[in-house]
Structure formats: structure tokens, C-alpha cells
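Single-structure report; data block below.
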Amino acid sequence: MATVLDAAGVLHFHPYAAAAAAAALVSAYMVWFWALARRLSGPRMWPLVGSLPSVVLNRARVHDWIVDNLRATGEAATYQTCILPLPFLARRQGLVTVTCNPRNLEHILRARFDNYPKGPMWQAAFHDLLGQGIFNSDGETWLLQRKTAALEFTTRTLRQAMARWANRIIKYRLWGILADHCDAAASVDLQDLLLRLTFDNICGLTFGKDPETLSPGLQENPFANAFDSATEATMQRFLFPSFLWRIKKALGVGSERNLRESLAIVDQYMTEAIAARKATPSDDLLSRFMKKRDGNGRAFPEDVLQWIALNFVLAGRDTSSVALSWFFWMLMQRRDVERRVVMEIASVLRETRGDDAGRWTEEPLDFDELDRLVYLKAALAETLRLYPSVPQDSKYVVADDVLPDGTVVPAGSAITYSIYSVGRMESIWGKDCADFRPERWLSADGARFEPAKDAYRFVAFNGGPRTCLGKDLAYLQMKSIASAVLLRHSVELVPGHKVEQKMSLTLFMKNGLRVHVKPRDLAGYVAAPPEEAPQQGAFVIPTTTAAAA
């Protein structure tokens, strides 16, 4: 017995009995934990902390670590792990299913879409920054914004506006900054330039106001800095249990204090932008949404307009700039691909602007010229296959379900689908899955871009009802910027610069992309037929991980 009664009638706790009870509880827990661990197919787990130590140990290469785990499962390309191995919680809130199986992705993103929303944890973490905007909402709130935005994103005028904003920034700012760095001793962080360019571009397209973060001297911008700080602080909420960031928010300390101060600057900037657009409407997205009505026939209030605008800024800035950073890094590994891209640009410009190379660089490529760059689009798609801007995403399970591969997913658990892993699985893309080969996206004659026949083998732009509305705009922006840089310059990685992935919601380069900028001589591309155009560098066997640079 754990207690004894003395002569005075006082009840005492027997130490040996307590130790025996504790040992029994520990033994029972270990038996239960052993049974749980045997049922799960993911990385090694430890009592009480589950697989979290493995995540921490592999945080510097977390996406490649997930690839390794998924490859170990063979054709299934799915595993389950537990981050909270406690009775009554382990099979619900503590369970995480990780997959890159295309059939599972189709099931989650399309077939059972309503059963896999973003969920309460995600929405709570992003609410202060994104509110109930399109990328942080579910149900009717999401559907209304989606339908409204879909009408705008399918218009040619919006694509023309994107090209106009991009070309203005390229012509009057980007080209000058690159020319200023055409010095053997100088280097520039290309990722930083691209982030600034896409930020200015998406701000102009979204609410008609160019913050001019890409300008000579590369000065700091209060709104851009506040937006970055708010995004970073929001992402930190995912690193710890939700109750911790809620306590920090209530106390106003640490990253939560930074978030509050940054959001005050963002709110002020957005208030001024909305007021300006109400006074002088234009063809930007904000002006377009001001003309729309909600489900009750009323105009969108200012806080909703701000959420909508910030959601588009977040989506349009980081994704394109990150993709372009990896694209240029891949071209530095594959000079043969770079040569073919420049040859294609030259071929189009010979037809539209004549044989005078001087005329080629007077203006950035226009909308119709960009539309003809098939091989460039293939190279961008191949970059996104290997280095998707959003490497993974998570969903909340509303009701018990069974995935097409037979994996049971209980209500209350989470599913992470690894977009990064999809492009690196032999079972999905074949034995050459690790090779950078744009030709896989072209028709047999090389004249047409051909998307993946199975849409869920390539989900860099998501899939199902949440497929990215800005997909065509993203390709347009990336082609515009890539062609503008490559037409005038080639870039070379600074010797010794280490390219690594940053642990973030988007696949940033941790140390940026420091390059030397060289002028490009187009004379050979004017005189020579495409197959004889000059090579811009030595062929380098493609690498499969960024850390190998």
C-alpha cells in the first residue's frame, strides 16, 4: 500500500510504495510508447519529446532531411511521426503525417478539400498580420475573396499592368544598379536586389504605390523593413507551442513586441495607401477590390481591404524573388542552359526588333515578346520543381480519413505535404529527378511548353481549389526580370560564397546570393544562327543540394 495509518490515526505516505507506483507508471508509459513508435514509420522518436530532437538536429537541412525520410518509405512516399507522445494526445494533436505521394496530394488538395483546411493553429499565428485575407482563411470567407480575385486575375489588363510596372522598375532602376556593379572588384547580393524589385513591383500592382526599395544606394525603407520584421516575428510563432507566443503577446515582450511595433508602421502605410486610392482610383488590385461587394452587397471595409492587399504583397514578393534567386544559381551551375535561354531571347528579338543589338536593350521585353519565351519558362518551371518557393505546407484534419495509400489520418492531427520532396523522388520523376533538365517541360519539337500530365506531380503553385491565382502573373514577372538581366549581363558566384537554404516558410538563401556582374556581348548572338551562339561559361554538372555550392 502507498499509505499507512500510525497509532495517532495520522495517514503517512510510504516512500517505497510511492517509488513502486512511479516505476509502474513509467513502465506502463514506456510500454505504451514502444507500441506507438512501432506503429509509426517516420524518424526516430524519444519519450515525451517525440521526433522533435531529430527536427532540431536537422534544422539546417530540414527539407533534404524530409526527402531522406520519404525516400526510406519507398513507393509509399508517406510517413507518420509524433511530436507530442502523450496518452490521449499522441494520436490526435501530436500526430503529423508527412507525404509527397501525388495521389495523397490530390486527395488532400482536391478530392477532400473541405476536410483539410489551414486550421486554427495556422490562422491564429497569422491573424495579426494577414487577418482573414485569402491566404489565411477557410470556408465562406475564403471562397468570397477567391471568387472576387479570380475575376481580376484572368483579365489581360492586369497582366499588362504587371508588365508595365516591372518594365518601369527594370529600365529606370535595375539596369542602372547592375551596370554600376560591372566591376571585377565589386559584388552584389542578387537575392536582395530581386527581393527589392519584386516588392516594389507587387506594391505597385496591388495598391499603385511604389516604395522604391530598389534604388541607387539601396536605402532602407520603413514600410519594407516593418513588413519583413512582422513576417519574421509571425513565423517565429511556429517554433514554439502556441501558449508561449500568446503569453509573450499579452506581456508585450520579445518578438511579439517587435511584431506589434512593426504592424503599427504597416497599418499606417496601408491606411495612407487606401486613402490615396479612394481619392484617385487606378487599375491596381486595391482599386479593383474597392469596386466589389461582399456577400451582403456592401463594400469591403478598410480593414478587409488592408488584409487583402497585404496577402497579395506577401504572396507576390517572396515567391517570385526566391524562385529567381535559385534560377540564377542554377544557371551558374549550368552555363549550357543559360546559353540556350539567351539564344531564345535573341531569336525573338531578331524578329521583333531587327538585327541591331543596340535596339534589343533599349527597352525590356514587352508582353507579347515575353509570351514567346518557351525555353525560359521551362527553365523556370524546372527550377521550381527542384527549389519550390514554398517548400512545404500543412493542413488540419477535420474528420477521420484514410488517404489513397491506406494511411489513416485521425481528426485533430496535422498533415504536411512536402512540395520540395515531390520533385526529388525517383518514383515520381524518374531516375533523372535530381538533374536540372528544362527539356522535360517541352514538347518533342521543343516549340511548346507542356505542363506535367499529372498536375499533382508539380504543386509549386499548389493544387485544387487553392491553386495559385497569380501563377500566370508569376511566370510573366519572372520571365520579364530574368530576360532583362540576361540580355545585358551574366553573373558569376563570388568565390567561396556558400549558398544554403534558410529555415523559413519560403526557401530563402540563408547567406544571400553574392555575385560578380559582367556585361554581356550580344554581337555573336546577332551574327550567328542559334546553334552557333557563343557559350558564356564552362559546363558544370548540376548539383542536387544548395549546400554543395
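Ligands are numbered from 1 in the order shown, chains are lettered A, B, ... in the order of the C-alpha cells, and residues start at 1 in each chain.
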
Problem - Those of segment 194-441 of chain A in DSSP helix (DSSP H, G or I), formatted as a count of residues only - result: 159

Practice task
Quick one: everything within 12 Å of Arg196 of chain A, counting only C-alpha atoms, minus sequence neighbours fewer than 6 positions away in the same chain. Send it as a ChimeraX atom specification.
Solution key: /A:166,169-170,173-174,189-190,202-203,210-216,218-221,223-225,228,316-318,320-322

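Every protein, DNA or RNA residue with an atom at most 12 Å from Ala35 of chain A, where only C-alpha atoms count and chain neighbours fewer than 4 positions away do not, is listed here: A:Ala28, A:Tyr29, A:Met30, A:Val31, A:Arg39, A:Leu40, A:Met45, A:Pro47, A:Pro85, A:Pro87, A:Ala90.
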
Within 12 Å of segment 457-468 of chain A: each segment 472-522 of chain A residue with its shortest pair, only C-alpha atoms, as a tab-separated table:
```
residue	atom	partner	partner_atom	distance
A:Asp472	CA	A:Cys468	CA	8.9
A:Leu473	CA	A:Cys468	CA	9.9
A:Ala474	CA	A:Cys468	CA	9.5
A:Tyr475	CA	A:Phe461	CA	10.8
A:Thr506	CA	A:Ala460	CA	11.5
A:Leu507	CA	A:Ala460	CA	11.8
```

Exercise for the section: List every residue of segment 95-259 of chain A that DSSP, applied to the backbone of this structure, places in strand (DSSP E), and write the result as a ChimeraX atom specification. Expected result: /A:95-99,188-189

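Across the structure, atom CA of His489 of chain A and atom CA of Leu158 of chain A are spaced 28.8 Å apart.
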
Handout entry: One-decimal distance in Å that lies between atom CA of Glu338 of chain A and atom CA of Arg372 of chain A
Key = 16.8 Å

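Closest approach to Ser394 of chain A among A:Thr99, A:Gln268, A:Ser54, A:Ser255: A:Thr99, based on only C-alpha atoms.
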
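Atom CA of Thr148 of chain A to atom CA of Pro120 of chain A spans 24.1 Å [interatomic distance, one decimal].
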
Exercise for the section: Can you pull out every residue within 12 Å of Asp294 of chain A, counting only C-alpha atoms, but drop anything in the same chain fewer than 5 positions away, and send it as a list in words? Expected result: Glu140, Thr141, Trp142, Leu143, Leu144, Gln145, Arg146, Lys147, Thr148, Phe289, Ala299, Phe300, Pro301, Val304 and Leu305 of chain A

Take the selection from the previous step and output its residues with N, CA, C and O atoms, as a PDB file, in the first residue's frame.
```pdb
ATOM      1  N   GLU A 140     -16.440  30.142 -46.162  1.00  0.00           N
ATOM      2  CA  GLU A 140     -17.097  31.176 -46.951  1.00  0.00           C
ATOM      3  C   GLU A 140     -16.252  32.443 -47.092  1.00  0.00           C
ATOM      4  O   GLU A 140     -16.289  33.110 -48.123  1.00  0.00           O
ATOM      5  N   THR A 141     -15.487  32.778 -46.041  1.00  0.00           N
ATOM      6  CA  THR A 141     -14.641  33.977 -46.092  1.00  0.00           C
ATOM      7  C   THR A 141     -13.611  33.841 -47.209  1.00  0.00           C
ATOM      8  O   THR A 141     -13.382  34.765 -47.997  1.00  0.00           O
ATOM      9  N   TRP A 142     -12.983  32.657 -47.267  1.00  0.00           N
ATOM     10  CA  TRP A 142     -12.002  32.400 -48.331  1.00  0.00           C
ATOM     11  C   TRP A 142     -12.662  32.371 -49.692  1.00  0.00           C
ATOM     12  O   TRP A 142     -12.158  32.958 -50.662  1.00  0.00           O
ATOM     13  N   LEU A 143     -13.818  31.692 -49.786  1.00  0.00           N
ATOM     14  CA  LEU A 143     -14.474  31.489 -51.078  1.00  0.00           C
ATOM     15  C   LEU A 143     -14.878  32.820 -51.712  1.00  0.00           C
ATOM     16  O   LEU A 143     -14.705  33.021 -52.927  1.00  0.00           O
ATOM     17  N   LEU A 144     -15.395  33.751 -50.907  1.00  0.00           N
ATOM     18  CA  LEU A 144     -15.807  35.046 -51.446  1.00  0.00           C
ATOM     19  C   LEU A 144     -14.614  35.797 -52.029  1.00  0.00           C
ATOM     20  O   LEU A 144     -14.685  36.323 -53.152  1.00  0.00           O
ATOM     21  N   GLN A 145     -13.500  35.835 -51.282  1.00  0.00           N
ATOM     22  CA  GLN A 145     -12.307  36.532 -51.777  1.00  0.00           C
ATOM     23  C   GLN A 145     -11.736  35.828 -53.001  1.00  0.00           C
ATOM     24  O   GLN A 145     -11.254  36.474 -53.935  1.00  0.00           O
ATOM     25  N   ARG A 146     -11.783  34.513 -52.989  1.00  0.00           N
ATOM     26  CA  ARG A 146     -11.261  33.739 -54.116  1.00  0.00           C
ATOM     27  C   ARG A 146     -12.048  34.056 -55.386  1.00  0.00           C
ATOM     28  O   ARG A 146     -11.459  34.294 -56.455  1.00  0.00           O
ATOM     29  N   LYS A 147     -13.354  34.043 -55.303  1.00  0.00           N
ATOM     30  CA  LYS A 147     -14.182  34.321 -56.478  1.00  0.00           C
ATOM     31  C   LYS A 147     -13.960  35.737 -56.987  1.00  0.00           C
ATOM     32  O   LYS A 147     -13.872  35.973 -58.201  1.00  0.00           O
ATOM     33  N   THR A 148     -13.862  36.675 -56.057  1.00  0.00           N
ATOM     34  CA  THR A 148     -13.651  38.071 -56.444  1.00  0.00           C
ATOM     35  C   THR A 148     -12.300  38.247 -57.129  1.00  0.00           C
ATOM     36  O   THR A 148     -12.190  38.904 -58.177  1.00  0.00           O
ATOM     37  N   PHE A 289     -10.728  45.990 -56.002  1.00  0.00           N
ATOM     38  CA  PHE A 289     -11.497  45.415 -54.892  1.00  0.00           C
ATOM     39  C   PHE A 289     -12.416  46.459 -54.252  1.00  0.00           C
ATOM     40  O   PHE A 289     -13.453  46.109 -53.688  1.00  0.00           O
ATOM     41  N   ALA A 299     -19.818  47.306 -49.625  1.00  0.00           N
ATOM     42  CA  ALA A 299     -18.412  47.498 -49.990  1.00  0.00           C
ATOM     43  C   ALA A 299     -17.522  46.914 -48.903  1.00  0.00           C
ATOM     44  O   ALA A 299     -17.887  46.887 -47.721  1.00  0.00           O
ATOM     45  N   PHE A 300     -16.345  46.441 -49.296  1.00  0.00           N
ATOM     46  CA  PHE A 300     -15.414  45.897 -48.314  1.00  0.00           C
ATOM     47  C   PHE A 300     -14.941  47.009 -47.381  1.00  0.00           C
ATOM     48  O   PHE A 300     -14.526  48.078 -47.839  1.00  0.00           O
ATOM     49  N   PRO A 301     -14.975  46.786 -46.044  1.00  0.00           N
ATOM     50  CA  PRO A 301     -14.454  47.800 -45.117  1.00  0.00           C
ATOM     51  C   PRO A 301     -12.936  47.912 -45.229  1.00  0.00           C
ATOM     52  O   PRO A 301     -12.271  47.051 -45.805  1.00  0.00           O
ATOM     53  N   VAL A 304     -10.630  44.986 -44.096  1.00  0.00           N
ATOM     54  CA  VAL A 304     -10.636  43.853 -45.041  1.00  0.00           C
ATOM     55  C   VAL A 304      -9.805  44.189 -46.270  1.00  0.00           C
ATOM     56  O   VAL A 304      -9.050  43.349 -46.775  1.00  0.00           O
ATOM     57  N   LEU A 305      -9.919  45.419 -46.772  1.00  0.00           N
ATOM     58  CA  LEU A 305      -9.102  45.836 -47.912  1.00  0.00           C
ATOM     59  C   LEU A 305      -7.615  45.750 -47.569  1.00  0.00           C
ATOM     60  O   LEU A 305      -6.797  45.342 -48.397  1.00  0.00           O
TER      61      LEU A 305
END
```
